[in-house]
Amino acid sequence: MSQVSEGQDVDAFLSFYRTYYSDDIARLAQNYPKEQRSLYVEYDDLYTFDPDLAERYLNRPGEMQEIAEEALRTYDLPVDISLGQAHVRMRGLPRENTIDIRGIRVSNDHIGSMVAVQGIVRKATDVRPKITEAAFECQRCGTMTYIPQNDSGFQEPHECQGCERQGPFRVNNNESKFIDSQQLRVQESPEGLRGGETPQSIDVNLEDDICGQVTPGDHVTVVGRLEMEQVTSGQEKTTVFDPYMEGISVVIEDEEFEDMDITDEDKQEILELSTHDDIYEEMVASVAPSIYGYDQEKLSMILQLFSGVTKHLPDGSRIRGDLHMLLIGDPGTGKSQMLSYIRNIAPRSVYTSGKGSSSAGLTAAAVRDDFGDGQQWTLEAGALVLADKGIAAVDELDKMRSEDRSAMHEALEQQQISVSKAGINATLKSRCSLLGAANPKYGRFDQYEPIGEQIDLEPALISRFDLIFTVTDSPDPDHDAKLADHILTTNYAGELNTQRTEMAASNFTQEEVDEVTQEVAPVIDAELLRKYIAYAKRNCYPTMTDEAKAAIREFYVDLRAKGADEDAPVPVTARKLEALVRLSEASARVRLSDTVEEEDATRVIEIVRSCLQDIGVD
Ligand code: ADP
Ligand code: MG
């Protein structure tokens, strides 16, 4: 590579700006410094102008940014203004420089270079001023000593520049320089994960005008310089380093950005599948095939995956299309197994327990923890926010924390979560479907007791579920025999075990063994089903036919008449009507149909009726 001097690079940037960015720079000059402090440069433009220069920017971002900013300061402006502190922020990196958070390796040569990561903002600290140059006022002679500050810790002067004594000093805030700072934790998006991997994350430091622009739950592309920080254990330094990013630009992406690629071939396959007469049965047989029975629950899970159509009414209000469903029942009945299977077939999902695995729990929280410098408040997104536009499968929902209980109502109906604590006021989006499971309070479910008394969830919350299934584990010789057969063939078949042993002996991995000996393969392959669902949700917005409307109206009126009495276990309200609409829209989507037909209405009425019967309405 040819040796290029810094002066030449400054000149190169000047001519680059003149060719591509003169308008942008003029606009920046007009708005500087109050409204705008950065010039955003598209990587593509720089590459088109000079591929070598662009390459160098990727490899030595710190140095090159200084040169680009130096060029900006010397750029001839039409108005008499100085862009003294303006930043140059690069964005729109090529795909090969967009890295996987879990793929960061020393051997990949990423450290020190400019990269992009895509993910979801899990945590964001408060925006706080950070000192960049401290003015130390000598308490003996009053002289100011200026010391530049960086992230390696607060530096104090050795002696006063006036009287040369060792202070004491006082930091004079008015004479010091500050900059806004914020830290983000960006986590891999739920759809990037396969088979229940734990999502990984990277921390990003932001400065100045790009602070305070994102909210936890936002899907972002962050461009930054990949750096490493030595891990400390207590006071001790260790030999291990953590990667982190110095943020250069942050772009909030449309939530749909990671939508899976559906090829023309996939599309053909999907369209062909949708014409099958037994598509509903095939779908049901593709949900948790190792679990015997539960056809209605599985069909409902399918409907939940497809979901209804969200409506935006002219008055600005919104009716969710997402379906919430709850499985309550006896322990050991396969609830957890079914819930966790969602991860295989949902285009976007989060699986967690009601107890929550993070301080944000299910909804969101403002916390003061060891993230950031440990002093700032951090806003953290919980499971329902991370599952935005997807499914949140929450096992042991009844064990959720009290903070979540109150936030849950808003999260499920308005599909947003408001946090207002410690000066943080934020609204996080939670446009997800909740698939919950809960155990009865007293060990076993009693069909004749009101469900509100058997499960540790308040009635207002229970009423937000479109469907509630009760799963009881009562002995039934016929059913038990079939279940036993199913489990015995799937798990313990003699031939399979022999085959397994042989394979294991010949160095097959556990995964390969499981795959080959998979007796209970889903009818529709999980990957295809995921694509099918994504395709339907993207392309299919069914509307009601008169026949479907009539069927639902009749059922609802009838139900109200029956469920009107005071001590109905679950009151039948207009919410049920909305649920019926959502469910039948989802049913139409399974066929990729643009209209909700009577058959859809009938299908979902049957499900709703049997759910209500289970809990004693009717
Ligand atoms: P729960 O969450 O309802 O307490 P689990 O999902 O943990 O129950 O199930 C307990 C075990 O029993 C699992 O290994 C599961 O595979 C098995 N099991 C329960 N019900 C069924 C079923 N209907 N078909 C196959 N396996 C089942
Ligand atoms: Mg369980």
# chains A, B, ... in the order shown; residues from 1 in each chain; ligands from 1
$ residues_near_ligand --ligand "ligand 1" --cutoff "7 Å" --atoms "only C-alpha atoms and all ligand atoms" --output "JSON, numbers by chain"
{"A": [290, 291, 292, 293, 329, 330, 331, 332, 333, 334, 335, 336, 337, 338, 483, 486, 487]}
$ write_last_selection --atoms "C-alpha atoms" --output "compact mmCIF listing (two decimals), in the first residue's frame"
# COMPACT_ATOMS: atom_id res chain seq x y z
CA SER A 290 -42.89 -34.93 21.00
CA ILE A 291 -45.81 -33.82 23.15
CA TYR A 292 -48.83 -36.04 22.79
CA GLY A 293 -52.30 -34.55 22.34
CA GLY A 329 -52.66 -26.55 34.77
CA ASP A 330 -51.30 -29.36 36.75
CA PRO A 331 -47.56 -29.87 36.95
CA GLY A 332 -45.90 -32.36 34.65
CA THR A 333 -48.39 -31.97 31.83
CA GLY A 334 -45.98 -30.73 29.18
CA LYS A 335 -46.67 -27.01 29.43
CA SER A 336 -43.05 -25.99 29.66
CA GLN A 337 -42.16 -28.26 26.78
CA MET A 338 -44.78 -26.73 24.53
CA LEU A 483 -49.65 -41.07 25.92
CA HIS A 486 -46.18 -41.92 22.37
CA ILE A 487 -43.53 -41.21 24.98
$ atom_distance --atom1 "atom CA of Val220 of chain A" --atom2 "atom CA of Glu188 of chain A"
10.3 Å
$ atom_distance --atom1 "atom CA of Asp614 of chain A" --atom2 "atom CA of Ser300 of chain A"
15.2 Å
$ residues_around --residues "Phe13 of chain A" --least-positions-apart "2" --cutoff "9 Å" --atoms "only C-alpha atoms" --output "PyMOL selection string"
chain A and resi 8-11+15-18+46+53+67-68+71-72
$ write_last_selection --atoms "C-alpha atoms" --output "PDB file, in the first residue's frame"
ATOM      1  CA  GLN A   8      -2.846  14.566   1.514  1.00  0.00           C
ATOM      2  CA  ASP A   9      -5.701  12.858   3.302  1.00  0.00           C
ATOM      3  CA  VAL A  10      -7.041  16.187   4.569  1.00  0.00           C
ATOM      4  CA  ASP A  11      -6.965  17.454   0.982  1.00  0.00           C
ATOM      5  CA  SER A  15     -12.384  17.459  -2.343  1.00  0.00           C
ATOM      6  CA  PHE A  16     -14.642  14.592  -1.250  1.00  0.00           C
ATOM      7  CA  TYR A  17     -16.786  17.043   0.719  1.00  0.00           C
ATOM      8  CA  ARG A  18     -16.951  19.458  -2.233  1.00  0.00           C
ATOM      9  CA  LEU A  46     -16.518   7.661   0.381  1.00  0.00           C
ATOM     10  CA  LEU A  53      -9.330   6.182   1.538  1.00  0.00           C
ATOM     11  CA  ILE A  67      -8.361  13.854   9.648  1.00  0.00           C
ATOM     12  CA  ALA A  68     -11.919  14.020   8.341  1.00  0.00           C
ATOM     13  CA  ALA A  71     -10.825  18.784   6.852  1.00  0.00           C
ATOM     14  CA  LEU A  72     -14.305  19.819   7.978  1.00  0.00           C
TER      15      LEU A  72
END
$ closest_residue --among "A:Ser474, A:Ser420, A:Ser353, A:Thr489" --to "ligand 2" --atoms "only C-alpha atoms and all ligand atoms"
A:Ser353
$ select_by_dssp --residues "segment 457-491 of chain A" --states "strand (DSSP E or B)" --output "VMD selection string"
chain A and resid 467 to 471
$ residues_around --residues "segment 348-352 of chain A" --least-positions-apart "6" --cutoff "10 Å" --atoms "only C-alpha atoms" --output "PyMOL selection string"
chain A and resi 189-193+196+199+258-260+305+339-342+358+361-362+383-397+432-436+530+534
